[in-house]
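Here is input_11.cif, consisting of mmCIF, C-alpha atoms and all ligand atoms; chains and numbers go by the auth columns:
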data_data
loop_
_atom_site.group_PDB
_atom_site.id
_atom_site.type_symbol
_atom_site.label_atom_id
_atom_site.label_comp_id
_atom_site.label_asym_id
_atom_site.label_seq_id
_atom_site.Cartn_x
_atom_site.Cartn_y
_atom_site.Cartn_z
_atom_site.B_iso_or_equiv
_atom_site.auth_seq_id
_atom_site.auth_asym_id
ATOM 1 C CA MET A 1 -5.609 -1.374 16.813 0.00 1035 A
ATOM 2 C CA LEU A 2 -2.765 -2.501 14.521 0.00 1036 A
ATOM 3 C CA GLU A 3 0.838 -1.720 15.410 0.00 1037 A
ATOM 4 C CA VAL A 4 3.591 -2.802 13.063 0.00 1038 A
ATOM 5 C CA THR A 5 7.144 -2.116 14.231 0.00 1039 A
ATOM 6 C CA GLY A 6 10.495 -2.694 12.596 0.00 1040 A
ATOM 7 C CA LEU A 7 9.054 -5.180 10.115 0.00 1041 A
ATOM 8 C CA GLU A 8 11.589 -6.816 7.810 0.00 1042 A
ATOM 9 C CA ALA A 9 10.887 -9.410 5.126 0.00 1043 A
ATOM 10 C CA ALA A 10 12.870 -11.196 2.445 0.00 1044 A
ATOM 11 C CA TYR A 11 12.483 -13.710 -0.367 0.00 1045 A
ATOM 12 C CA GLY A 12 15.507 -15.950 0.109 0.00 1046 A
ATOM 13 C CA ARG A 13 18.466 -13.601 0.197 0.00 1047 A
ATOM 14 C CA ALA A 14 16.602 -10.734 -1.427 0.00 1048 A
ATOM 15 C CA ARG A 15 15.522 -8.361 1.336 0.00 1049 A
ATOM 16 C CA VAL A 16 12.337 -6.491 0.540 0.00 1050 A
ATOM 17 C CA LEU A 17 11.147 -4.717 3.716 0.00 1051 A
ATOM 18 C CA PHE A 18 13.528 -2.718 5.884 0.00 1052 A
ATOM 19 C CA GLY A 19 12.173 -1.783 9.310 0.00 1053 A
ATOM 20 C CA VAL A 20 8.629 -0.734 8.413 0.00 1054 A
ATOM 21 C CA ASP A 21 6.629 1.002 11.153 0.00 1055 A
ATOM 22 C CA LEU A 22 2.916 1.523 10.715 0.00 1056 A
ATOM 23 C CA SER A 23 -0.090 1.951 12.938 0.00 1057 A
ATOM 24 C CA VAL A 24 -3.818 1.940 12.294 0.00 1058 A
ATOM 25 C CA GLU A 25 -6.181 3.217 14.984 0.00 1059 A
ATOM 26 C CA ALA A 26 -9.632 1.731 15.567 0.00 1060 A
ATOM 27 C CA GLY A 27 -12.013 3.042 12.904 0.00 1061 A
ATOM 28 C CA GLN A 28 -9.213 4.595 10.865 0.00 1062 A
ATOM 29 C CA LEU A 29 -8.659 4.132 7.126 0.00 1063 A
ATOM 30 C CA MET A 30 -4.957 3.947 6.414 0.00 1064 A
ATOM 31 C CA CYS A 31 -3.648 3.876 2.879 0.00 1065 A
ATOM 32 C CA VAL A 32 -0.344 2.291 1.862 0.00 1066 A
ATOM 33 C CA MET A 33 0.948 3.734 -1.368 0.00 1067 A
ATOM 34 C CA GLY A 34 4.013 3.488 -3.544 0.00 1068 A
ATOM 35 C CA ARG A 35 5.211 2.530 -6.977 0.00 1069 A
ATOM 36 C CA ASN A 36 5.168 -1.031 -8.337 0.00 1070 A
ATOM 37 C CA GLY A 37 7.546 -3.396 -6.597 0.00 1071 A
ATOM 38 C CA VAL A 38 8.266 -1.254 -3.516 0.00 1072 A
ATOM 39 C CA GLY A 39 6.964 -3.944 -1.154 0.00 1073 A
ATOM 40 C CA LYS A 40 3.280 -3.147 -0.540 0.00 1074 A
ATOM 41 C CA THR A 41 2.001 -6.696 -1.060 0.00 1075 A
ATOM 42 C CA THR A 42 4.948 -8.088 0.892 0.00 1076 A
ATOM 43 C CA LEU A 43 3.977 -5.782 3.765 0.00 1077 A
ATOM 44 C CA LEU A 44 0.358 -6.977 3.812 0.00 1078 A
ATOM 45 C CA ASN A 45 1.395 -10.629 3.498 0.00 1079 A
ATOM 46 C CA SER A 46 3.775 -10.149 6.427 0.00 1080 A
ATOM 47 C CA VAL A 47 1.081 -8.438 8.501 0.00 1081 A
ATOM 48 C CA MET A 48 -1.246 -11.399 7.827 0.00 1082 A
ATOM 49 C CA GLY A 49 1.381 -14.104 8.351 0.00 1083 A
ATOM 50 C CA VAL A 50 1.192 -15.371 4.776 0.00 1084 A
ATOM 51 C CA LEU A 51 4.883 -14.549 4.756 0.00 1085 A
ATOM 52 C CA THR A 52 7.001 -14.910 7.909 0.00 1086 A
ATOM 53 C CA PRO A 53 8.867 -11.676 8.648 0.00 1087 A
ATOM 54 C CA THR A 54 12.590 -11.934 9.339 0.00 1088 A
ATOM 55 C CA ALA A 55 12.363 -9.266 12.061 0.00 1089 A
ATOM 56 C CA GLY A 56 9.862 -6.941 13.681 0.00 1090 A
ATOM 57 C CA LYS A 57 6.536 -7.205 15.376 0.00 1091 A
ATOM 58 C CA VAL A 58 2.831 -7.176 14.463 0.00 1092 A
ATOM 59 C CA VAL A 59 0.437 -6.372 17.301 0.00 1093 A
ATOM 60 C CA PHE A 60 -3.328 -6.515 16.768 0.00 1094 A
ATOM 61 C CA ASP A 61 -5.636 -5.281 19.520 0.00 1095 A
ATOM 62 C CA GLY A 62 -2.815 -5.387 22.041 0.00 1096 A
ATOM 63 C CA ARG A 63 -1.890 -8.979 21.195 0.00 1097 A
ATOM 64 C CA ASP A 64 1.405 -9.952 19.574 0.00 1098 A
ATOM 65 C CA VAL A 65 0.334 -11.937 16.487 0.00 1099 A
ATOM 66 C CA THR A 66 3.742 -12.014 14.775 0.00 1100 A
ATOM 67 C CA ARG A 67 4.043 -15.799 15.055 0.00 1101 A
ATOM 68 C CA LEU A 68 0.366 -16.713 14.691 0.00 1102 A
ATOM 69 C CA PRO A 69 -0.817 -18.566 11.582 0.00 1103 A
ATOM 70 C CA THR A 70 -2.979 -16.576 9.173 0.00 1104 A
ATOM 71 C CA TYR A 71 -6.253 -18.322 10.053 0.00 1105 A
ATOM 72 C CA GLU A 72 -5.851 -17.359 13.707 0.00 1106 A
ATOM 73 C CA ARG A 73 -5.286 -13.733 12.734 0.00 1107 A
ATOM 74 C CA VAL A 74 -8.500 -13.922 10.722 0.00 1108 A
ATOM 75 C CA ARG A 75 -10.301 -15.295 13.792 0.00 1109 A
ATOM 76 C CA LEU A 76 -9.009 -12.389 15.852 0.00 1110 A
ATOM 77 C CA GLY A 77 -10.692 -9.982 13.442 0.00 1111 A
ATOM 78 C CA MET A 78 -8.207 -9.318 10.654 0.00 1112 A
ATOM 79 C CA GLY A 79 -10.044 -9.734 7.341 0.00 1113 A
ATOM 80 C CA TYR A 80 -7.692 -10.057 4.356 0.00 1114 A
ATOM 81 C CA VAL A 81 -8.497 -9.590 0.681 0.00 1115 A
ATOM 82 C CA PRO A 82 -5.287 -10.422 -1.206 0.00 1116 A
ATOM 83 C CA GLN A 83 -4.343 -8.932 -4.536 0.00 1117 A
ATOM 84 C CA GLY A 84 -5.997 -10.522 -7.570 0.00 1118 A
ATOM 85 C CA HIS A 85 -9.492 -11.057 -6.120 0.00 1119 A
ATOM 86 C CA GLU A 86 -9.036 -14.665 -5.115 0.00 1120 A
ATOM 87 C CA THR A 87 -12.155 -16.831 -5.067 0.00 1121 A
ATOM 88 C CA PHE A 88 -12.924 -20.498 -5.741 0.00 1122 A
ATOM 89 C CA PRO A 89 -13.711 -20.313 -9.468 0.00 1123 A
ATOM 90 C CA GLN A 90 -15.544 -23.667 -9.651 0.00 1124 A
ATOM 91 C CA LEU A 91 -17.875 -22.804 -6.784 0.00 1125 A
ATOM 92 C CA THR A 92 -20.926 -20.585 -7.070 0.00 1126 A
ATOM 93 C CA VAL A 93 -21.121 -17.201 -5.372 0.00 1127 A
ATOM 94 C CA ALA A 94 -23.308 -18.717 -2.623 0.00 1128 A
ATOM 95 C CA GLU A 95 -20.912 -21.636 -2.153 0.00 1129 A
ATOM 96 C CA ASN A 96 -17.907 -19.315 -1.944 0.00 1130 A
ATOM 97 C CA LEU A 97 -19.603 -17.471 0.916 0.00 1131 A
ATOM 98 C CA GLN A 98 -20.778 -20.694 2.565 0.00 1132 A
ATOM 99 C CA VAL A 99 -17.300 -22.249 2.543 0.00 1133 A
ATOM 100 C CA THR A 100 -15.953 -19.154 4.254 0.00 1134 A
ATOM 101 C CA LEU A 101 -18.770 -19.176 6.810 0.00 1135 A
ATOM 102 C CA GLU A 102 -18.005 -22.788 7.713 0.00 1136 A
ATOM 103 C CA ALA A 103 -14.410 -21.854 8.477 0.00 1137 A
ATOM 104 C CA THR A 104 -15.441 -19.129 10.925 0.00 1138 A
ATOM 105 C CA ARG A 105 -15.848 -19.618 14.640 0.00 1139 A
ATOM 106 C CA HIS A 106 -19.212 -17.826 14.796 0.00 1140 A
ATOM 107 C CA ARG A 107 -20.935 -19.836 11.976 0.00 1141 A
ATOM 108 C CA ASP A 108 -23.738 -17.281 12.004 0.00 1142 A
ATOM 109 C CA ARG A 109 -25.622 -17.426 8.685 0.00 1143 A
ATOM 110 C CA ALA A 110 -26.681 -13.804 9.140 0.00 1144 A
ATOM 111 C CA ALA A 111 -23.077 -12.859 8.316 0.00 1145 A
ATOM 112 C CA VAL A 112 -23.662 -13.976 4.701 0.00 1146 A
ATOM 113 C CA ALA A 113 -26.738 -11.758 4.382 0.00 1147 A
ATOM 114 C CA GLU A 114 -24.805 -8.844 5.929 0.00 1148 A
ATOM 115 C CA ALA A 115 -21.985 -9.279 3.410 0.00 1149 A
ATOM 116 C CA LEU A 116 -24.472 -9.404 0.526 0.00 1150 A
ATOM 117 C CA GLU A 117 -26.087 -6.175 1.737 0.00 1151 A
ATOM 118 C CA VAL A 118 -22.795 -4.454 0.944 0.00 1152 A
ATOM 119 C CA PHE A 119 -22.782 -5.779 -2.636 0.00 1153 A
ATOM 120 C CA PRO A 120 -26.395 -6.091 -3.858 0.00 1154 A
ATOM 121 C CA ARG A 121 -25.155 -7.007 -7.341 0.00 1155 A
ATOM 122 C CA LEU A 122 -23.916 -10.340 -5.947 0.00 1156 A
ATOM 123 C CA LYS A 123 -27.377 -11.194 -4.639 0.00 1157 A
ATOM 124 C CA GLU A 124 -28.556 -11.574 -8.220 0.00 1158 A
ATOM 125 C CA MET A 125 -25.717 -13.972 -9.004 0.00 1159 A
ATOM 126 C CA LEU A 126 -25.764 -16.420 -6.126 0.00 1160 A
ATOM 127 C CA LYS A 127 -25.953 -19.463 -8.393 0.00 1161 A
ATOM 128 C CA ARG A 128 -23.287 -18.332 -10.835 0.00 1162 A
ATOM 129 C CA ARG A 129 -19.827 -19.885 -10.665 0.00 1163 A
ATOM 130 C CA ALA A 130 -17.263 -17.385 -9.433 0.00 1164 A
ATOM 131 C CA GLY A 131 -15.040 -18.141 -12.417 0.00 1165 A
ATOM 132 C CA PHE A 132 -17.717 -16.736 -14.730 0.00 1166 A
ATOM 133 C CA LEU A 133 -17.998 -13.399 -12.929 0.00 1167 A
ATOM 134 C CA SER A 134 -16.286 -10.281 -14.265 0.00 1168 A
ATOM 135 C CA GLY A 135 -13.087 -9.156 -12.531 0.00 1169 A
ATOM 136 C CA GLY A 136 -14.979 -6.457 -10.646 0.00 1170 A
ATOM 137 C CA GLN A 137 -17.668 -8.865 -9.471 0.00 1171 A
ATOM 138 C CA GLN A 138 -14.991 -11.314 -8.350 0.00 1172 A
ATOM 139 C CA GLN A 139 -13.376 -8.531 -6.355 0.00 1173 A
ATOM 140 C CA GLN A 140 -16.727 -7.801 -4.715 0.00 1174 A
ATOM 141 C CA LEU A 141 -17.075 -11.497 -3.894 0.00 1175 A
ATOM 142 C CA ALA A 142 -13.551 -11.573 -2.454 0.00 1176 A
ATOM 143 C CA ILE A 143 -14.407 -8.632 -0.176 0.00 1177 A
ATOM 144 C CA ALA A 144 -17.762 -10.199 0.724 0.00 1178 A
ATOM 145 C CA ARG A 145 -15.938 -13.400 1.748 0.00 1179 A
ATOM 146 C CA ALA A 146 -13.689 -11.419 4.058 0.00 1180 A
ATOM 147 C CA LEU A 147 -16.781 -9.725 5.537 0.00 1181 A
ATOM 148 C CA VAL A 148 -18.381 -13.091 6.333 0.00 1182 A
ATOM 149 C CA THR A 149 -15.613 -13.571 8.912 0.00 1183 A
ATOM 150 C CA ARG A 150 -16.943 -10.391 10.644 0.00 1184 A
ATOM 151 C CA PRO A 151 -13.586 -8.615 10.749 0.00 1185 A
ATOM 152 C CA ARG A 152 -12.851 -5.552 12.851 0.00 1186 A
ATOM 153 C CA MET A 153 -10.160 -4.560 10.416 0.00 1187 A
ATOM 154 C CA LEU A 154 -10.251 -5.049 6.664 0.00 1188 A
ATOM 155 C CA ILE A 155 -6.931 -5.393 4.854 0.00 1189 A
ATOM 156 C CA LEU A 156 -7.256 -4.838 1.115 0.00 1190 A
ATOM 157 C CA ASP A 157 -4.567 -5.173 -1.536 0.00 1191 A
ATOM 158 C CA GLU A 158 -5.329 -2.971 -4.562 0.00 1192 A
ATOM 159 C CA PRO A 159 -9.047 -3.768 -4.731 0.00 1193 A
ATOM 160 C CA THR A 160 -9.578 -1.564 -7.787 0.00 1194 A
ATOM 161 C CA GLU A 161 -6.638 -2.771 -9.865 0.00 1195 A
ATOM 162 C CA GLY A 162 -7.620 -3.685 -13.426 0.00 1196 A
ATOM 163 C CA ILE A 163 -11.351 -3.300 -12.804 0.00 1197 A
ATOM 164 C CA GLN A 164 -13.885 -1.537 -15.013 0.00 1198 A
ATOM 165 C CA PRO A 165 -14.647 2.022 -13.810 0.00 1199 A
ATOM 166 C CA SER A 166 -18.342 1.464 -12.973 0.00 1200 A
ATOM 167 C CA ILE A 167 -17.451 -1.259 -10.482 0.00 1201 A
ATOM 168 C CA VAL A 168 -14.467 0.692 -9.147 0.00 1202 A
ATOM 169 C CA LEU A 169 -16.987 3.259 -7.945 0.00 1203 A
ATOM 170 C CA GLU A 170 -19.166 0.598 -6.286 0.00 1204 A
ATOM 171 C CA ILE A 171 -16.134 -0.853 -4.541 0.00 1205 A
ATOM 172 C CA GLU A 172 -14.978 2.563 -3.400 0.00 1206 A
ATOM 173 C CA GLN A 173 -18.432 3.355 -2.020 0.00 1207 A
ATOM 174 C CA ALA A 174 -18.597 -0.010 -0.262 0.00 1208 A
ATOM 175 C CA ILE A 175 -15.236 0.583 1.427 0.00 1209 A
ATOM 176 C CA GLU A 176 -16.374 4.046 2.447 0.00 1210 A
ATOM 177 C CA ARG A 177 -19.625 2.739 3.953 0.00 1211 A
ATOM 178 C CA LEU A 178 -17.881 -0.093 5.802 0.00 1212 A
ATOM 179 C CA HIS A 179 -15.466 2.413 7.240 0.00 1213 A
ATOM 180 C CA LYS A 180 -17.885 5.249 8.028 0.00 1214 A
ATOM 181 C CA GLU A 181 -21.112 3.399 8.878 0.00 1215 A
ATOM 182 C CA ARG A 182 -19.870 0.143 10.353 0.00 1216 A
ATOM 183 C CA GLY A 183 -16.728 1.704 11.859 0.00 1217 A
ATOM 184 C CA LEU A 184 -14.368 -0.845 10.338 0.00 1218 A
ATOM 185 C CA ALA A 185 -10.687 -0.030 10.451 0.00 1219 A
ATOM 186 C CA VAL A 186 -9.156 -0.407 6.992 0.00 1220 A
ATOM 187 C CA LEU A 187 -5.611 -0.930 5.786 0.00 1221 A
ATOM 188 C CA LEU A 188 -5.730 -0.310 2.064 0.00 1222 A
ATOM 189 C CA VAL A 189 -3.035 -0.664 -0.565 0.00 1223 A
ATOM 190 C CA GLU A 190 -4.035 1.693 -3.342 0.00 1224 A
ATOM 191 C CA GLN A 191 -2.181 3.184 -6.289 0.00 1225 A
ATOM 192 C CA TYR A 192 -4.790 5.755 -7.323 0.00 1226 A
ATOM 193 C CA LEU A 193 -3.984 9.001 -5.564 0.00 1227 A
ATOM 194 C CA GLU A 194 -7.472 10.400 -6.205 0.00 1228 A
ATOM 195 C CA LEU A 195 -9.150 7.442 -4.528 0.00 1229 A
ATOM 196 C CA ALA A 196 -6.779 7.673 -1.578 0.00 1230 A
ATOM 197 C CA LEU A 197 -7.547 11.395 -1.298 0.00 1231 A
ATOM 198 C CA ARG A 198 -11.262 10.653 -1.084 0.00 1232 A
ATOM 199 C CA LEU A 199 -11.076 7.764 1.388 0.00 1233 A
ATOM 200 C CA ALA A 200 -7.973 7.870 3.556 0.00 1234 A
ATOM 201 C CA ASP A 201 -7.591 9.351 7.016 0.00 1235 A
ATOM 202 C CA GLY A 202 -3.875 8.764 6.857 0.00 1236 A
ATOM 203 C CA PHE A 203 -1.271 7.330 4.532 0.00 1237 A
ATOM 204 C CA VAL A 204 2.226 5.922 4.325 0.00 1238 A
ATOM 205 C CA ILE A 205 4.324 5.816 1.200 0.00 1239 A
ATOM 206 C CA LEU A 206 6.747 2.970 0.734 0.00 1240 A
ATOM 207 C CA ASP A 207 9.817 3.277 -1.419 0.00 1241 A
ATOM 208 C CA GLY A 208 12.493 0.600 -1.621 0.00 1242 A
ATOM 209 C CA GLY A 209 10.868 -1.334 1.219 0.00 1243 A
ATOM 210 C CA MET A 210 10.950 1.590 3.660 0.00 1244 A
ATOM 211 C CA VAL A 211 8.391 4.139 4.786 0.00 1245 A
ATOM 212 C CA ARG A 212 9.555 7.360 3.093 0.00 1246 A
ATOM 213 C CA HIS A 213 6.637 9.586 3.902 0.00 1247 A
ATOM 214 C CA SER A 214 3.515 9.512 6.032 0.00 1248 A
ATOM 215 C CA GLY A 215 0.789 11.916 7.027 0.00 1249 A
ATOM 216 C CA THR A 216 -2.878 12.755 6.936 0.00 1250 A
ATOM 217 C CA ALA A 217 -5.054 12.869 3.814 0.00 1251 A
ATOM 218 C CA ALA A 218 -4.401 16.614 3.478 0.00 1252 A
ATOM 219 C CA ASP A 219 -0.646 15.964 3.173 0.00 1253 A
ATOM 220 C CA LEU A 220 -1.299 13.764 0.138 0.00 1254 A
ATOM 221 C CA ARG A 221 -1.238 16.921 -1.937 0.00 1255 A
ATOM 222 C CA ASP A 222 2.436 17.496 -1.108 0.00 1256 A
ATOM 223 C CA GLU A 223 5.040 17.767 -3.860 0.00 1257 A
ATOM 224 C CA GLU A 224 7.036 15.058 -2.091 0.00 1258 A
ATOM 225 C CA VAL A 225 4.086 12.665 -2.278 0.00 1259 A
ATOM 226 C CA ARG A 226 3.725 13.218 -6.000 0.00 1260 A
ATOM 227 C CA ARG A 227 7.433 12.701 -6.512 0.00 1261 A
ATOM 228 C CA LEU A 228 7.404 9.403 -4.601 0.00 1262 A
ATOM 229 C CA LEU A 229 4.390 8.139 -6.536 0.00 1263 A
ATOM 230 C CA ALA A 230 5.518 9.301 -9.981 0.00 1264 A
ATOM 231 C CA VAL A 231 6.464 6.521 -12.337 0.00 1265 A
HETATM 232 N N1 LIG B . 7.423 -14.550 -4.306 0.00 1301 B
HETATM 233 C C1 LIG B . 8.451 -13.733 -4.545 0.00 1301 B
HETATM 234 N N2 LIG B . 9.714 -14.201 -4.717 0.00 1301 B
HETATM 235 C C2 LIG B . 10.742 -13.367 -4.953 0.00 1301 B
HETATM 236 N N3 LIG B . 10.642 -12.021 -5.055 0.00 1301 B
HETATM 237 C C3 LIG B . 9.415 -11.505 -4.897 0.00 1301 B
HETATM 238 C C4 LIG B . 8.254 -12.323 -4.645 0.00 1301 B
HETATM 239 N N4 LIG B . 7.177 -11.502 -4.542 0.00 1301 B
HETATM 240 C C5 LIG B . 7.633 -10.244 -4.717 0.00 1301 B
HETATM 241 N N5 LIG B . 8.965 -10.245 -4.939 0.00 1301 B
HETATM 242 C C6 LIG B . 9.819 -9.055 -5.146 0.00 1301 B
HETATM 243 O O1 LIG B . 9.728 -8.264 -3.969 0.00 1301 B
HETATM 244 C C7 LIG B . 9.639 -6.885 -4.295 0.00 1301 B
HETATM 245 C C8 LIG B . 8.390 -6.295 -3.690 0.00 1301 B
HETATM 246 O O2 LIG B . 7.245 -6.886 -4.304 0.00 1301 B
HETATM 247 P P1 LIG B . 5.757 -6.560 -3.843 0.00 1301 B
HETATM 248 O O3 LIG B . 4.844 -7.439 -4.646 0.00 1301 B
HETATM 249 O O4 LIG B . 5.663 -6.615 -2.377 0.00 1301 B
HETATM 250 O O5 LIG B . 5.637 -5.058 -4.327 0.00 1301 B
HETATM 251 P P2 LIG B . 4.327 -4.162 -4.541 0.00 1301 B
HETATM 252 O O6 LIG B . 4.688 -2.818 -4.046 0.00 1301 B
HETATM 253 O O7 LIG B . 3.158 -4.839 -3.938 0.00 1301 B
HETATM 254 O O8 LIG B . 4.203 -4.122 -6.116 0.00 1301 B
HETATM 255 P P3 LIG B . 2.897 -4.165 -7.054 0.00 1301 B
HETATM 256 O O9 LIG B . 2.278 -2.825 -6.925 0.00 1301 B
HETATM 257 O O10 LIG B . 3.479 -4.416 -8.399 0.00 1301 B
HETATM 258 O O11 LIG B . 2.030 -5.289 -6.550 0.00 1301 B
HETATM 259 C C9 LIG B . 9.701 -6.800 -5.822 0.00 1301 B
HETATM 260 O O12 LIG B . 11.020 -6.543 -6.173 0.00 1301 B
HETATM 261 C C10 LIG B . 9.292 -8.182 -6.251 0.00 1301 B
HETATM 262 O O13 LIG B . 9.884 -8.515 -7.481 0.00 1301 B
#
Before anything else, please render the file you have as structure tokens.
Ligand SMILES: Nc1ncnc2c1ncn2[C@@H]1O[C@H](COP(=O)(O)OP(=O)(O)OP(=O)(O)O)[C@@H](O)[C@H]1O
Amino acid sequence: MLEVTGLEAAYGRARVLFGVDLSVEAGQLMCVMGRNGVGKTTLLNSVMGVLTPTAGKVVFDGRDVTRLPTYERVRLGMGYVPQGHETFPQLTVAENLQVTLEATRHRDRAAVAEALEVFPRLKEMLKRRAGFLSGGQQQQLAIARALVTRPRMLILDEPTEGIQPSIVLEIEQAIERLHKERGLAVLLVEQYLELALRLADGFVILDGGMVRHSGTAADLRDEEVRRLLAV
């Protein structure tokens, strides 16, 4: 479903990604792991076209999307939840979802209800401004916004980072349900090994902007994995 080959990215003269290869099959949950600063966010931004790669290719559903703008990738079914649970803080929860719906091609209001089914807690807060939600609730709203676009693949950048444990569990369960029950493919950047062990079908570990290790969830118990993730 997603094929990334030889992806390179840089900020000015500072090269950050060096020939990253990665593939996610339909319905698969792939975890990207690695220490701080190894290039995980840069990889997702390059996959989504937020950042233009300096070399390499991104193919989604058989179509080369490497040069497409981000919004067109979203329309093709790539739902992105960037790091830092971005929402419109001045808008209410309902308005945040509505604004996203209006930017979609399908404009089907049922998509808002479907997204709220995944996070019932948000249903009780529809009139609250997003800026007044807790970090965890904002993360749920950010994921719900991506769901309103009816993605076939969800791309999540550290959705549990800095969030209180009770909501981490809700977010984990939501990702699991979306993956298992709705069959969504997921590309997840996650630092917590335990969470990756519970959710992932496969993983890649980045180090210094390169894929240093990859495998199935069972391989996550390897010594090498622990060494590459150790701080
Ligand atoms: N906008 C930017 N301009 C210049 N350098 C950047 C920029 N964003 C990231 N970098 C650098 O690129 C490298 C990779 O950063 P990136 O955010 O992709 O890593 P990461 O693995 O996602 O880290 P973290 O887990 O801390 O989010 C780091 O050295 C970082 O300092």
Problem - Residue nearest Lys1091 (chain A) - candidates A:Val1038, A:Ile1239, A:Leu1051, A:Ala1219, atoms counted: only C-alpha atoms - result: A:Val1038
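For ligand LIG 1301 (chain B), the protein and nucleic acid residues at most 6 Å away, judged by all atoms listed in the file, amount to Tyr1045, Val1050, Asn1070, Gly1071, Val1072, Gly1073, Lys1074, Thr1075 and Thr1076 of chain A.
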Exercise for the section: Please write the residues picked by the PyMOL selection byres (((chain A and resi 1149-1157) around 10) and not hetatm) on this file as a VMD selection string. Expected result: chain A and resid 1127 to 1128 1131 1144 to 1148 1158 to 1162 1167 1171 to 1172 1174 to 1175 1177 to 1184 1204 to 1205 1207 to 1209 1211 to 1212
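Between CA of Gly1053 (chain A) and CA of Cys1065 (chain A) lies a distance of 18.0 Å.
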Exercise for the section: List every protein, DNA or RNA residue with an atom no more than 9 Å from (-3.7, -0.9, 3.9) in the file's coordinates, counting only C-alpha atoms, and format the result as a count of residues only. Expected result: 19
